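Structure data (mmCIF, C-alpha atoms) from work-v1.cif:
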data_coords
#
loop_
_atom_site.label_atom_id
_atom_site.label_comp_id
_atom_site.auth_asym_id
_atom_site.auth_seq_id
_atom_site.Cartn_x
_atom_site.Cartn_y
_atom_site.Cartn_z
CA MET A 1 0.00 0.00 0.00
CA ILE A 2 1.60 3.21 -1.08
CA THR A 3 0.49 6.21 0.80
CA MET A 4 1.10 9.73 -0.26
CA GLY A 5 -2.51 10.58 -0.56
CA MET A 6 -2.56 9.53 -4.15
CA SER A 7 -6.06 8.19 -4.28
CA THR A 8 -7.59 10.64 -1.87
CA LEU A 9 -6.11 13.65 -3.62
CA GLY A 10 -6.99 12.49 -7.10
CA TYR A 11 -3.33 11.94 -7.92
CA ALA A 12 -2.39 8.58 -9.35
CA LEU A 13 0.99 7.30 -10.42
CA PRO A 14 1.27 5.35 -13.63
CA ASP A 15 0.84 1.63 -12.93
CA LYS A 16 4.41 0.72 -13.84
CA GLU A 17 5.79 3.26 -11.35
CA THR A 18 3.48 2.03 -8.62
CA GLU A 19 4.53 -1.57 -9.28
CA PHE A 20 8.17 -0.60 -9.13
CA ILE A 21 7.76 1.21 -5.81
CA GLN A 22 5.68 -1.58 -4.33
CA HIS A 23 8.25 -4.16 -5.40
CA TYR A 24 11.12 -2.43 -3.63
CA LEU A 25 9.21 -0.85 -0.76
CA PRO A 26 6.45 -3.35 0.00
CA GLN A 27 5.77 -1.63 3.28
CA THR A 28 4.14 1.77 3.32
CA ALA A 29 6.14 4.10 1.13
CA GLN A 30 6.02 7.80 1.50
CA LYS A 31 6.63 10.23 -1.30
CA GLN A 32 9.08 13.06 -0.71
CA HIS A 33 10.68 15.68 -2.90
CA VAL A 34 14.09 17.22 -3.23
CA TRP A 35 14.00 20.72 -4.67
CA LEU A 36 16.70 21.30 -7.24
CA ASN A 37 17.80 24.75 -6.30
CA GLY A 38 21.14 26.40 -5.66
CA ALA A 39 24.07 23.96 -5.65
CA LYS A 40 21.80 20.98 -6.31
CA LYS A 41 20.54 22.57 -9.49
CA GLN A 42 24.07 23.29 -10.69
CA THR A 43 25.30 19.79 -9.86
CA ALA A 44 22.32 18.30 -11.68
CA ILE A 45 23.29 20.40 -14.71
CA ASP A 46 26.89 19.18 -14.42
CA ILE A 47 25.78 15.56 -14.30
CA LEU A 48 23.13 15.71 -17.04
CA GLY A 49 24.76 18.33 -19.23
CA HIS A 50 21.55 20.34 -19.13
CA ARG A 51 18.89 21.43 -16.64
CA TYR A 52 16.78 18.70 -15.12
CA HIS A 53 13.32 19.19 -16.57
CA LYS A 54 11.64 19.44 -13.18
CA ALA A 55 12.13 21.84 -10.32
CA ARG A 56 12.08 18.94 -7.88
CA ALA A 57 12.81 15.23 -7.94
CA ALA A 58 10.50 12.67 -6.37
CA TYR A 59 11.63 9.83 -4.13
CA TRP A 60 9.99 7.29 -1.87
CA GLN A 61 11.13 5.96 1.47
CA PRO A 62 9.54 3.79 4.12
CA LYS A 63 7.35 5.96 6.28
CA SER A 64 9.61 5.36 9.26
CA ALA A 65 12.75 6.52 7.44
CA ALA A 66 12.13 10.24 8.01
CA GLU A 67 14.12 11.46 5.02
CA SER A 68 17.30 9.68 6.01
CA LYS A 69 20.07 9.44 3.44
CA SER A 70 21.03 5.93 4.57
CA ALA A 71 17.49 4.55 4.34
CA LYS A 72 16.33 2.52 1.40
CA THR A 73 15.12 5.00 -1.17
CA VAL A 74 13.39 4.64 -4.50
CA TRP A 75 13.99 7.39 -7.03
CA ILE A 76 11.98 7.74 -10.21
CA LEU A 77 13.66 10.13 -12.60
CA GLU A 78 13.53 10.85 -16.29
CA GLU A 79 16.10 11.64 -18.91
CA ILE A 80 16.05 11.97 -22.67
CA GLY A 81 17.85 9.23 -24.59
CA LYS A 82 17.82 10.59 -28.08
CA GLU A 83 14.48 12.30 -28.42
CA LYS A 84 12.11 10.99 -25.78
CA TYR A 85 12.10 10.59 -22.03
CA ILE A 86 13.13 7.33 -20.47
CA THR A 87 11.60 6.81 -17.03
CA ILE A 88 14.18 5.17 -14.81
CA GLY A 89 13.81 3.75 -11.33
CA VAL A 90 16.84 3.67 -9.05
CA VAL A 91 16.87 1.96 -5.66
CA ILE A 92 19.56 3.17 -3.26
CA GLU A 93 20.44 1.98 0.19
CA LYS A 94 23.38 3.19 2.26
CA GLN A 95 24.57 5.32 -0.64
CA ARG A 96 24.83 2.32 -2.94
CA ILE A 97 22.63 1.35 -5.84
CA GLN A 98 20.57 -1.72 -5.14
CA ALA A 99 18.75 -1.81 -8.45
CA VAL A 100 18.19 0.14 -11.64
CA ARG A 101 15.12 -0.53 -13.76
CA ILE A 102 13.80 1.03 -16.94
CA ILE A 103 10.19 1.76 -16.06
CA GLU A 104 9.13 3.33 -19.35
CA PHE A 105 11.16 3.33 -22.53
CA ARG A 106 9.72 5.59 -25.21
CA GLU A 107 12.53 5.76 -27.76
CA SER A 108 12.38 3.74 -30.96
CA ARG A 109 15.97 2.51 -30.58
CA GLY A 110 18.20 1.60 -27.69
CA TRP A 111 15.70 -0.63 -25.86
CA GLU A 112 18.59 -2.93 -24.93
CA VAL A 113 19.12 -0.85 -21.80
CA LYS A 114 16.03 -2.61 -20.42
CA LEU A 115 17.88 -5.92 -20.34
CA PRO A 116 18.79 -7.13 -16.84
CA SER A 117 22.31 -7.88 -18.09
CA PHE A 118 22.78 -4.14 -18.61
CA THR A 119 21.02 -2.80 -15.51
CA ALA A 120 22.78 -5.34 -13.28
CA GLN A 121 26.02 -3.47 -13.94
CA PHE A 122 24.81 -0.69 -11.64
CA ASP A 123 24.36 -2.96 -8.62
CA GLN A 124 26.43 -1.77 -5.67
CA ALA A 125 27.68 1.24 -7.61
CA GLU A 126 28.38 4.37 -5.60
CA LEU A 127 29.81 7.79 -6.26
CA THR A 128 33.54 8.27 -6.15
CA SER A 129 34.83 10.47 -3.37
CA GLU A 130 36.51 12.77 -5.88
CA PRO A 131 35.01 14.53 -7.85
CA GLY A 132 31.92 13.07 -6.23
CA THR A 133 29.58 12.76 -9.16
CA ARG A 134 31.17 9.83 -10.99
CA LEU A 135 30.35 6.16 -10.55
CA ASN A 136 33.02 3.99 -9.02
CA LYS A 137 32.24 1.29 -11.60
CA HIS A 138 32.68 1.22 -15.33
CA ILE A 139 29.42 0.70 -17.17
CA ASN A 140 29.83 -1.16 -20.43
CA GLY A 141 28.07 0.42 -23.39
CA ILE A 142 25.75 -1.24 -25.86
CA SER A 143 26.32 -0.89 -29.56
CA GLY A 144 23.37 0.97 -31.08
CA ALA A 145 22.12 2.17 -27.70
CA THR A 146 24.84 4.66 -26.82
CA LEU A 147 22.52 7.55 -26.00
CA SER A 148 20.19 5.39 -23.90
CA VAL A 149 23.17 3.98 -21.98
CA LYS A 150 24.39 7.52 -21.31
CA ALA A 151 20.94 8.58 -20.13
CA VAL A 152 20.64 5.67 -17.69
CA THR A 153 24.17 6.22 -16.38
CA LYS A 154 23.51 9.94 -15.85
CA ILE A 155 20.32 9.20 -13.95
CA ALA A 156 22.11 6.66 -11.75
CA ARG A 157 24.69 9.34 -10.90
CA LEU A 158 22.00 11.95 -10.33
CA ALA A 159 20.04 9.65 -8.02
CA LEU A 160 23.16 8.87 -5.98
CA TYR A 161 24.01 12.56 -5.78
CA LEU A 162 20.49 13.52 -4.71
CA GLN A 163 20.52 10.73 -2.14
CA SER A 164 23.71 12.17 -0.70
CA THR A 165 21.99 15.52 -0.22
CA LEU A 166 19.31 14.05 2.04
CA PRO A 167 19.70 14.75 5.75
CA ASN A 168 21.21 12.09 7.95
CA PRO A 169 19.44 12.26 11.27
CA MET B 1 22.12 13.69 -109.16
CA MET B 2 25.28 14.11 -107.18
CA ALA B 3 24.10 17.44 -105.80
CA LYS B 4 20.77 15.91 -104.69
CA THR B 5 22.40 12.96 -102.91
CA SER B 6 24.92 15.15 -101.08
CA LYS B 7 22.26 17.71 -99.98
CA THR B 8 19.92 15.28 -98.24
CA PRO B 9 22.47 13.67 -95.91
CA PHE B 10 23.72 17.12 -94.88
CA LYS B 11 20.19 18.22 -93.92
CA LYS B 12 19.63 15.01 -92.00
CA ARG B 13 22.99 15.30 -90.32
CA PHE B 14 22.29 18.92 -89.41
CA LYS B 15 18.94 17.92 -87.91
CA ALA B 16 20.50 15.07 -85.98
CA ARG B 17 23.19 17.37 -84.61
CA LYS B 18 20.61 19.95 -83.48
CA ILE B 19 18.60 17.29 -81.68
CA HIS B 20 21.73 15.80 -80.24
CA PHE B 21 22.97 19.14 -78.87
CA ALA B 22 19.62 20.17 -77.45
CA LEU B 23 19.07 16.87 -75.70
CA SER B 24 22.63 16.66 -74.47
CA TYR B 25 22.23 19.86 -72.43
CA VAL B 26 19.06 18.55 -70.81
CA ALA B 27 20.63 15.16 -70.19
CA ALA B 28 23.83 16.67 -68.78
CA THR B 29 21.86 18.73 -66.28
CA ILE B 30 19.73 15.80 -65.09
CA LEU B 31 22.67 13.42 -65.09
CA SER B 32 24.72 15.86 -62.97
CA LEU B 33 21.86 16.07 -60.49
CA LEU B 34 21.63 12.27 -60.31
CA LEU B 35 25.38 11.91 -59.93
CA VAL B 36 25.65 14.47 -57.13
CA THR B 37 22.63 13.14 -55.26
CA GLY B 38 23.81 9.56 -55.80
CA VAL B 39 27.22 10.28 -54.35
CA LEU B 40 25.65 12.08 -51.39
CA LEU B 41 23.28 9.17 -50.77
CA ASN B 42 26.24 6.80 -50.74
CA HIS B 43 27.63 8.81 -47.81
CA THR B 44 24.52 9.80 -45.85
CA GLU B 45 26.00 8.53 -42.60
CA ASP B 46 29.37 10.16 -43.20
CA PHE B 47 27.74 13.51 -43.85
CA GLN B 48 24.97 12.87 -41.27
CA LEU B 49 22.38 14.02 -43.76
CA ASN B 50 19.57 12.53 -41.70
CA GLN B 51 20.49 14.90 -38.89
CA VAL B 52 20.04 18.02 -41.03
CA LYS B 53 16.49 19.27 -40.60
CA ILE B 54 14.98 21.35 -43.38
CA HIS B 55 13.26 24.55 -42.22
CA ASN B 56 12.83 26.24 -45.57
CA SER B 57 9.24 27.48 -45.85
CA TRP B 58 8.91 26.74 -49.55
CA LEU B 59 10.15 23.18 -49.18
CA LEU B 60 7.95 22.54 -46.14
CA ASN B 61 4.95 23.84 -48.07
CA TRP B 62 5.92 21.66 -51.04
CA TYR B 63 5.80 18.62 -48.75
CA ASN B 64 2.58 19.83 -47.07
CA ILE B 65 4.31 20.01 -43.69
CA ASP B 66 2.67 22.45 -41.33
CA GLN B 67 5.11 24.88 -39.80
CA PRO B 68 4.81 25.75 -36.14
CA THR B 69 2.78 28.79 -35.29
CA VAL B 70 2.31 30.39 -31.91
CA ASN B 71 -1.34 29.85 -31.00
CA LYS B 72 -1.19 31.65 -27.67
CA ALA B 73 1.57 33.39 -25.76
CA TYR B 74 1.53 34.55 -22.16
CA PRO B 75 4.01 37.05 -20.73
CA VAL B 76 5.48 35.80 -17.43
CA GLN B 77 7.64 38.54 -16.01
CA GLN B 78 10.45 38.85 -18.58
CA ASN B 79 9.67 35.49 -20.20
CA TRP B 80 7.07 33.98 -22.50
CA LEU B 81 5.10 30.79 -22.15
CA SER B 82 3.69 29.84 -25.52
CA GLU B 83 1.42 27.24 -27.01
CA VAL B 84 2.86 26.30 -30.37
CA GLY B 85 0.99 24.15 -32.85
CA ASN B 86 1.77 22.80 -36.28
CA GLY B 87 -1.57 21.41 -37.32
CA THR B 88 -1.39 17.97 -35.75
CA THR B 89 0.67 18.52 -32.62
CA THR B 90 0.82 21.14 -29.91
CA ARG B 91 3.80 21.86 -27.68
CA LEU B 92 4.46 24.33 -24.94
CA TYR B 93 7.53 26.54 -25.02
CA TRP B 94 9.28 28.47 -22.29
CA ASN B 95 10.72 31.27 -24.40
CA GLN B 96 12.33 29.34 -27.28
CA ILE B 97 12.81 26.10 -25.32
CA PRO B 98 10.18 23.37 -25.63
CA LEU B 99 8.87 22.12 -22.31
CA PRO B 100 9.13 18.35 -21.79
CA GLU B 101 6.30 16.64 -23.56
CA VAL B 102 3.52 14.89 -21.77
CA GLY B 103 1.43 14.46 -24.81
CA GLN B 104 1.65 16.29 -28.02
CA ASN B 105 -1.89 16.22 -29.13
CA ASN B 106 -4.08 19.20 -28.75
CA ALA B 107 -6.44 17.36 -26.41
CA GLU B 108 -3.75 17.12 -23.75
CA THR B 109 -1.50 20.09 -24.26
CA ARG B 110 -3.44 23.22 -25.09
CA ILE B 111 -3.56 25.98 -22.48
CA ARG B 112 -6.95 26.71 -20.98
CA GLN B 113 -5.92 29.19 -18.30
CA LEU B 114 -2.68 30.48 -16.88
CA LEU B 115 -2.12 32.45 -13.73
CA ILE B 116 0.73 33.46 -11.49
CA PHE B 117 0.22 32.82 -7.81
CA ASN B 118 2.68 32.92 -4.89
CA GLN B 119 5.83 32.69 -7.00
CA PHE B 120 4.64 29.86 -9.20
CA ILE B 121 2.70 29.46 -12.39
CA ALA B 122 -0.50 27.44 -12.51
CA LEU B 123 -1.24 26.21 -16.00
CA LEU B 124 -4.61 24.62 -16.61
CA GLN B 125 -4.66 22.13 -19.48
CA PRO B 126 -7.53 19.91 -20.62
CA LYS B 127 -6.72 17.06 -18.23
CA THR B 128 -3.83 18.41 -16.22
CA LEU B 129 -2.87 21.17 -13.85
CA THR B 130 0.81 21.92 -14.46
CA LEU B 131 2.73 23.91 -11.88
CA LEU B 132 5.91 25.70 -12.91
CA THR B 133 8.43 27.90 -11.20
CA LEU B 134 8.88 31.43 -12.46
CA GLU B 135 12.09 30.17 -14.14
CA GLY B 136 10.06 27.78 -16.28
CA ASP B 137 10.93 24.56 -14.45
CA ILE B 138 8.08 22.13 -14.02
CA ILE B 139 7.23 21.49 -10.38
CA GLU B 140 4.48 18.95 -10.89
CA ARG B 141 1.91 17.78 -13.35
CA LEU B 142 -1.30 16.90 -11.57
CA PRO B 143 -4.07 14.94 -13.27
CA LEU B 144 -7.34 16.82 -12.98
CA PRO B 145 -10.46 15.28 -11.49
CA LYS B 146 -12.83 14.28 -14.28
CA ALA B 147 -15.24 17.04 -13.30
CA LEU B 148 -12.59 19.57 -14.36
CA TYR B 149 -11.81 18.00 -17.74
CA ALA B 150 -12.30 20.05 -20.85
CA SER B 151 -13.42 18.72 -24.16
CA GLU B 152 -10.88 18.55 -26.95
CA THR B 153 -11.57 21.88 -28.53
CA SER B 154 -14.09 23.87 -26.54
CA GLU B 155 -14.26 25.32 -23.07
CA THR B 156 -17.86 25.25 -21.99
CA SER B 157 -17.41 26.20 -18.36
CA ALA B 158 -13.87 26.64 -17.14
CA PRO B 159 -13.16 26.29 -13.43
CA GLN B 160 -12.39 29.42 -11.49
CA PHE B 161 -9.12 29.83 -9.61
CA VAL B 162 -9.56 31.44 -6.20
CA THR B 163 -7.47 31.97 -3.12
CA THR B 164 -8.32 32.23 0.55
CA PRO B 165 -6.92 34.35 3.40
CA GLN B 166 -4.57 31.38 4.09
CA GLN B 167 -3.10 31.90 0.62
CA ASP B 168 -4.21 28.49 -0.62
CA LEU B 169 -5.08 27.82 -4.22
CA TRP B 170 -8.53 26.45 -5.00
CA LEU B 171 -10.42 25.54 -8.14
CA LEU B 172 -14.17 26.03 -8.13
CA LYS B 173 -16.70 24.66 -10.58
CA ASN B 174 -20.43 24.06 -10.29
CA HIS B 175 -20.46 24.39 -6.47
CA GLN B 176 -17.59 21.91 -6.17
CA ALA B 177 -14.17 22.88 -4.87
CA TRP B 178 -10.71 21.35 -5.13
CA TRP B 179 -7.80 22.37 -2.94
CA LEU B 180 -4.17 22.26 -4.08
CA ASN B 181 -2.30 20.70 -1.20
CA GLU B 182 0.67 22.44 0.33
CA ASP B 183 3.39 20.31 -1.22
CA PHE B 184 1.78 20.50 -4.67
CA THR B 185 1.22 16.77 -4.96
CA GLY B 186 -2.51 16.65 -5.55
CA LEU B 187 -5.92 18.25 -5.74
CA ALA B 188 -8.33 17.26 -2.99
CA GLU B 189 -12.06 17.71 -3.32
CA MET B 190 -13.34 19.57 -0.27
CA ALA B 191 -16.17 21.76 0.85
CA PRO B 192 -15.92 25.16 -0.82
CA PRO B 193 -14.15 27.75 1.38
CA ASN B 194 -16.24 30.51 2.87
CA VAL B 195 -14.03 33.44 1.99
CA THR B 196 -12.48 33.48 -1.43
CA LYS B 197 -10.78 35.97 -3.64
CA PRO B 198 -10.83 35.35 -7.40
CA LEU B 199 -7.50 35.14 -9.13
CA LEU B 200 -7.10 36.76 -12.52
CA ASP B 201 -5.78 34.86 -15.50
CA VAL B 202 -2.80 36.18 -17.40
CA SER B 203 -4.01 37.48 -20.76
CA THR B 204 -2.52 36.31 -24.02
CA GLN B 205 -0.38 38.78 -25.92
CA THR B 206 1.48 38.82 -29.20
CA PRO B 207 5.04 37.69 -28.59
CA PRO B 208 7.99 39.46 -30.24
CA GLN B 209 8.76 38.40 -33.79
CA SER B 210 12.27 37.34 -32.74
CA LEU B 211 10.79 34.72 -30.41
CA MET B 212 8.53 33.35 -33.11
CA ASP B 213 11.51 33.16 -35.48
CA GLN B 214 13.55 31.28 -32.86
CA ILE B 215 10.74 28.80 -32.28
CA GLN B 216 10.38 28.21 -36.01
CA SER B 217 14.11 27.68 -36.45
CA GLN B 218 14.10 25.05 -33.69
CA PHE B 219 11.08 23.26 -35.11
CA ASP B 220 11.76 19.53 -35.23
CA SER B 221 11.09 19.28 -38.92
CA PRO B 222 10.22 15.81 -40.17
CA LEU B 223 11.89 16.67 -43.48
CA THR B 224 15.60 15.86 -43.46
CA LEU B 225 18.24 16.61 -46.05
CA GLU B 226 18.62 12.85 -46.61
CA GLN B 227 14.96 12.52 -47.54
CA LEU B 228 15.13 15.56 -49.80
CA ILE B 229 18.18 14.25 -51.66
CA LEU B 230 16.71 10.76 -51.93
CA GLU B 231 13.51 12.11 -53.42
CA LEU B 232 15.42 14.31 -55.84
CA HIS B 233 17.36 11.21 -56.86
CA ASN B 234 14.37 8.94 -57.36
CA GLY B 235 12.11 11.64 -58.77
CA PHE B 236 9.49 11.51 -56.03
CA PHE B 237 10.33 15.11 -55.14
CA PHE B 238 8.05 16.00 -58.06
CA GLY B 239 5.28 13.80 -56.76
CA LYS B 240 3.74 10.89 -58.61
CA ILE B 241 4.89 12.33 -61.90
CA GLY B 242 8.53 12.05 -60.78
CA PRO B 243 9.18 8.47 -61.97
CA TYR B 244 7.66 9.34 -65.36
CA LEU B 245 10.05 12.30 -65.63
CA LEU B 246 12.90 9.87 -65.05
CA ASP B 247 11.44 7.62 -67.76
CA ILE B 248 11.54 10.59 -70.12
CA PHE B 249 15.14 11.17 -69.08
CA ALA B 250 15.93 7.55 -69.94
CA LEU B 251 14.34 8.08 -73.37
CA ILE B 252 16.45 11.20 -73.85
CA LEU B 253 19.58 9.20 -73.10
CA PHE B 254 18.42 6.52 -75.52
CA THR B 255 17.83 9.15 -78.23
CA LEU B 256 21.27 10.63 -77.56
CA ILE B 257 22.84 7.26 -78.21
CA PHE B 258 21.14 6.99 -81.60
CA THR B 259 21.72 10.58 -82.67
CA GLY B 260 25.35 10.27 -81.57
CA ILE B 261 25.84 7.04 -83.55
CA ARG B 262 24.21 8.57 -86.58
CA LEU B 263 26.46 11.64 -86.41
CA HIS B 264 29.48 9.42 -86.00
CA LEU B 265 28.65 7.19 -88.97
CA LYS B 266 27.84 10.07 -91.31
CA LYS B 267 31.11 11.97 -90.67
#
Would you kindly transcribe this structure into structure tokens?
Amino acid sequence: MITMGMSTLGYALPDKETEFIQHYLPQTAQKQHVWLNGAKKQTAIDILGHRYHKARAAYWQPKSAAESKSAKTVWILEEIGKEKYITIGVVIEKQRIQAVRIIEFRESRGWEVKLPSFTAQFDQAELTSEPGTRLNKHINGISGATLSVKAVTKIARLALYLQSTLPNP
Amino acid sequence: MMAKTSKTPFKKRFKARKIHFALSYVAATILSLLLVTGVLLNHTEDFQLNQVKIHNSWLLNWYNIDQPTVNKAYPVQQNWLSEVGNGTTTRLYWNQIPLPEVGQNNAETRIRQLLIFNQFIALLQPKTLTLLTLEGDIIERLPLPKALYASETSETSAPQFVTTPQQDLWLLKNHQAWWLNEDFTGLAEMAPPNVTKPLLDVSTQTPPQSLMDQIQSQFDSPLTLEQLILELHNGFFFGKIGPYLLDIFALILFTLIFTGIRLHLKK
């Protein structure tokens, strides 16, 4: 059961997003937001190479987590591959990626990034200490899906960076 | 007798030469076009011809491609939020930058109302309430309750945006009220507030020509240089008649062969 007042407030997530959140946070998940302003906005630009298309990024944590950066967190973010947005789910716990999933792929080419053999490469990835926005693992590309691979990698970095900005009570 | 026999071949030869010359100029021109386009088509990937979008008005008209036009434009401080359509699709632009698409058809994208409230922009679309910052970043896209939907083209009774002394944002329609929650994550149907103050929509204005030019130049034209060259090469640039024109060209080449042989033999 995902609470965040979705049904009561007339706001419903797409089914695939709900399934993804329920799969990784089967207990009550609570939706939170990180506003991309100031340094966060600039770092997001540095990672993506352009402005993130939203003023805030959504994430879900167990209700008991109270916005902790070490808690298990599900991020659902979007990035353009070549022309269209790819909706990507990233699960992070203790500043490490637990899972990356392509929730919605809208491009006509580059679908290979949906394959588990590709997304599994992100497991246990974390940001390097210096400069702090790079992955500590090399992600192998896919011939014919270069732009999609870049998009997924950028979102993995962005999710890890945003996770690091959460408070640590 | 001798004079008669020598006169006739000269006349025929002269005629053949005239035809040969006239056709050779036509053939040379068409052949050059086919050679150049053929070479370019052999190297489309090298030259990235499929990446070059054609924005020329005449060519777009020739292909019956609708060019983007600004349907509505709203001034937001020093910026413009515009609804840009090209016949089949509608997109929203923040100045010259297209906003991320949620749907490109008119039924989902067109702007019904726009207002500025408490340092954010509330944009009412047929099935969505989109909230943006004053810098043009999207905060949230909230699906509207069905009671607030608009039909595809008309606006029979638009909801009214109001605020309360608590500075909340409400939408009212037919004695129903929806409250925008504090973290902008949803609209909740509630009892209408007692004290309300209507909020005024931003009126549409004509944007500067420079903005319209920028939007047109960034139009994601479906016509690429590769397609243009290919259709010049195979004749379809001229429509259904194109292949027949190439047939005529083949006949011209065939005629040139015969007139050339004749001229050669009669030398």
| field | Contacts of region 63-69 of chain B within 9 Å, all atoms listed in the file, excl. fewer than 3 positions in-chain, as an MDAnalysis selection string | value | chainID B and resid 55 57:60 83:88 90 212 215:216 219 221:223 237
Restricting it to C-alpha atoms, dump the selection as a CSV table (one decimal), in the coordinates of the input.
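Writing the result to result_29.csv gives the following:
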chain,number,residue,atom,x,y,z
B,55,HIS,CA,13.3,24.6,-42.2
B,57,SER,CA,9.2,27.5,-45.8
B,58,TRP,CA,8.9,26.7,-49.6
B,59,LEU,CA,10.2,23.2,-49.2
B,60,LEU,CA,8.0,22.5,-46.1
B,83,GLU,CA,1.4,27.2,-27.0
B,84,VAL,CA,2.9,26.3,-30.4
B,85,GLY,CA,1.0,24.2,-32.8
B,86,ASN,CA,1.8,22.8,-36.3
B,87,GLY,CA,-1.6,21.4,-37.3
B,88,THR,CA,-1.4,18.0,-35.8
B,90,THR,CA,0.8,21.1,-29.9
B,212,MET,CA,8.5,33.4,-33.1
B,215,ILE,CA,10.7,28.8,-32.3
B,216,GLN,CA,10.4,28.2,-36.0
B,219,PHE,CA,11.1,23.3,-35.1
B,221,SER,CA,11.1,19.3,-38.9
B,222,PRO,CA,10.2,15.8,-40.2
B,223,LEU,CA,11.9,16.7,-43.5
B,237,PHE,CA,10.3,15.1,-55.1
| query | How many Å lie between CA of Arg101 (chain A) and CA of Glu126 (chain A), rounded to one decimal? | reply |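 Going from CA of Arg101 (chain A) over to CA of Glu126 (chain A), I get 16.3 Å.
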| remark: Here CA of Ala122 (chain B) and CA of Thr185 (chain B) stand apart by 13.2 Å
| request: Evaluate the PyMOL selection byres ((chain A and resi 147-157) around 9) on the structure here and hand back the selected residues as JSON, numbers by chain. | output: {"A": [47, 48, 77, 78, 79, 80, 81, 82, 86, 88, 89, 90, 97, 100, 102, 107, 109, 110, 111, 112, 113, 118, 119, 122, 125, 126, 127, 133, 134, 135, 139, 140, 141, 142, 144, 145, 146, 158, 159, 160, 161, 162]}
Name all residues at most 6 Å from Arg56 (chain A) (count only C-alpha atoms; drop same-chain ones fewer than 3 positions away) and give them as a PDB file with C-alpha atoms, in the coordinates of the input.
ATOM      1  CA  VAL A  34      14.090  17.220  -3.230  1.00  0.00           C
ATOM      2  CA  TRP A  35      14.000  20.720  -4.670  1.00  0.00           C
ATOM      3  CA  LEU A  36      16.700  21.300  -7.240  1.00  0.00           C
TER       4      LEU A  36
END
Completed region 179-194 of chain B (N, CA and C atoms) as a PDB file, in the coordinates of the input:
ATOM      1  N   TRP B 179      -8.869  21.653  -3.625  1.00  0.00           N
ATOM      2  CA  TRP B 179      -7.800  22.370  -2.940  1.00  0.00           C
ATOM      3  C   TRP B 179      -6.446  21.812  -3.373  1.00  0.00           C
ATOM      4  N   LEU B 180      -5.528  22.691  -3.736  1.00  0.00           N
ATOM      5  CA  LEU B 180      -4.170  22.260  -4.080  1.00  0.00           C
ATOM      6  C   LEU B 180      -3.386  22.129  -2.791  1.00  0.00           C
ATOM      7  N   ASN B 181      -2.954  20.898  -2.504  1.00  0.00           N
ATOM      8  CA  ASN B 181      -2.300  20.700  -1.200  1.00  0.00           C
ATOM      9  C   ASN B 181      -0.967  21.427  -1.121  1.00  0.00           C
ATOM     10  N   GLU B 182      -0.460  21.539   0.109  1.00  0.00           N
ATOM     11  CA  GLU B 182       0.670  22.440   0.330  1.00  0.00           C
ATOM     12  C   GLU B 182       1.958  22.018  -0.372  1.00  0.00           C
ATOM     13  N   ASP B 183       2.159  20.712  -0.534  1.00  0.00           N
ATOM     14  CA  ASP B 183       3.390  20.310  -1.220  1.00  0.00           C
ATOM     15  C   ASP B 183       3.165  20.047  -2.710  1.00  0.00           C
ATOM     16  N   PHE B 184       2.065  20.557  -3.227  1.00  0.00           N
ATOM     17  CA  PHE B 184       1.780  20.500  -4.670  1.00  0.00           C
ATOM     18  C   PHE B 184       1.761  19.072  -5.202  1.00  0.00           C
ATOM     19  N   THR B 185       1.238  18.146  -4.466  1.00  0.00           N
ATOM     20  CA  THR B 185       1.220  16.770  -4.960  1.00  0.00           C
ATOM     21  C   THR B 185      -0.174  16.299  -5.355  1.00  0.00           C
ATOM     22  N   GLY B 186      -1.183  17.106  -5.141  1.00  0.00           N
ATOM     23  CA  GLY B 186      -2.510  16.650  -5.550  1.00  0.00           C
ATOM     24  C   GLY B 186      -3.588  17.676  -5.293  1.00  0.00           C
ATOM     25  N   LEU B 187      -4.733  17.420  -5.940  1.00  0.00           N
ATOM     26  CA  LEU B 187      -5.920  18.250  -5.740  1.00  0.00           C
ATOM     27  C   LEU B 187      -6.925  17.425  -4.933  1.00  0.00           C
ATOM     28  N   ALA B 188      -7.382  17.988  -3.845  1.00  0.00           N
ATOM     29  CA  ALA B 188      -8.330  17.260  -2.990  1.00  0.00           C
ATOM     30  C   ALA B 188      -9.694  17.946  -3.077  1.00  0.00           C
ATOM     31  N   GLU B 189     -10.713  17.132  -3.296  1.00  0.00           N
ATOM     32  CA  GLU B 189     -12.060  17.710  -3.320  1.00  0.00           C
ATOM     33  C   GLU B 189     -12.513  17.966  -1.891  1.00  0.00           C
ATOM     34  N   MET B 190     -12.942  19.170  -1.635  1.00  0.00           N
ATOM     35  CA  MET B 190     -13.340  19.570  -0.270  1.00  0.00           C
ATOM     36  C   MET B 190     -14.556  20.488  -0.351  1.00  0.00           C
ATOM     37  N   ALA B 191     -15.068  20.794   0.808  1.00  0.00           N
ATOM     38  CA  ALA B 191     -16.170  21.760   0.850  1.00  0.00           C
ATOM     39  C   ALA B 191     -15.641  23.131   0.438  1.00  0.00           C
ATOM     40  N   PRO B 192     -16.407  23.858  -0.357  1.00  0.00           N
ATOM     41  CA  PRO B 192     -15.920  25.160  -0.820  1.00  0.00           C
ATOM     42  C   PRO B 192     -15.585  26.077   0.363  1.00  0.00           C
ATOM     43  N   PRO B 193     -14.497  26.839   0.278  1.00  0.00           N
ATOM     44  CA  PRO B 193     -14.150  27.750   1.380  1.00  0.00           C
ATOM     45  C   PRO B 193     -15.152  28.892   1.466  1.00  0.00           C
ATOM     46  N   ASN B 194     -15.258  29.430   2.668  1.00  0.00           N
ATOM     47  CA  ASN B 194     -16.240  30.510   2.870  1.00  0.00           C
ATOM     48  C   ASN B 194     -15.789  31.821   2.250  1.00  0.00           C
TER      49      ASN B 194
END
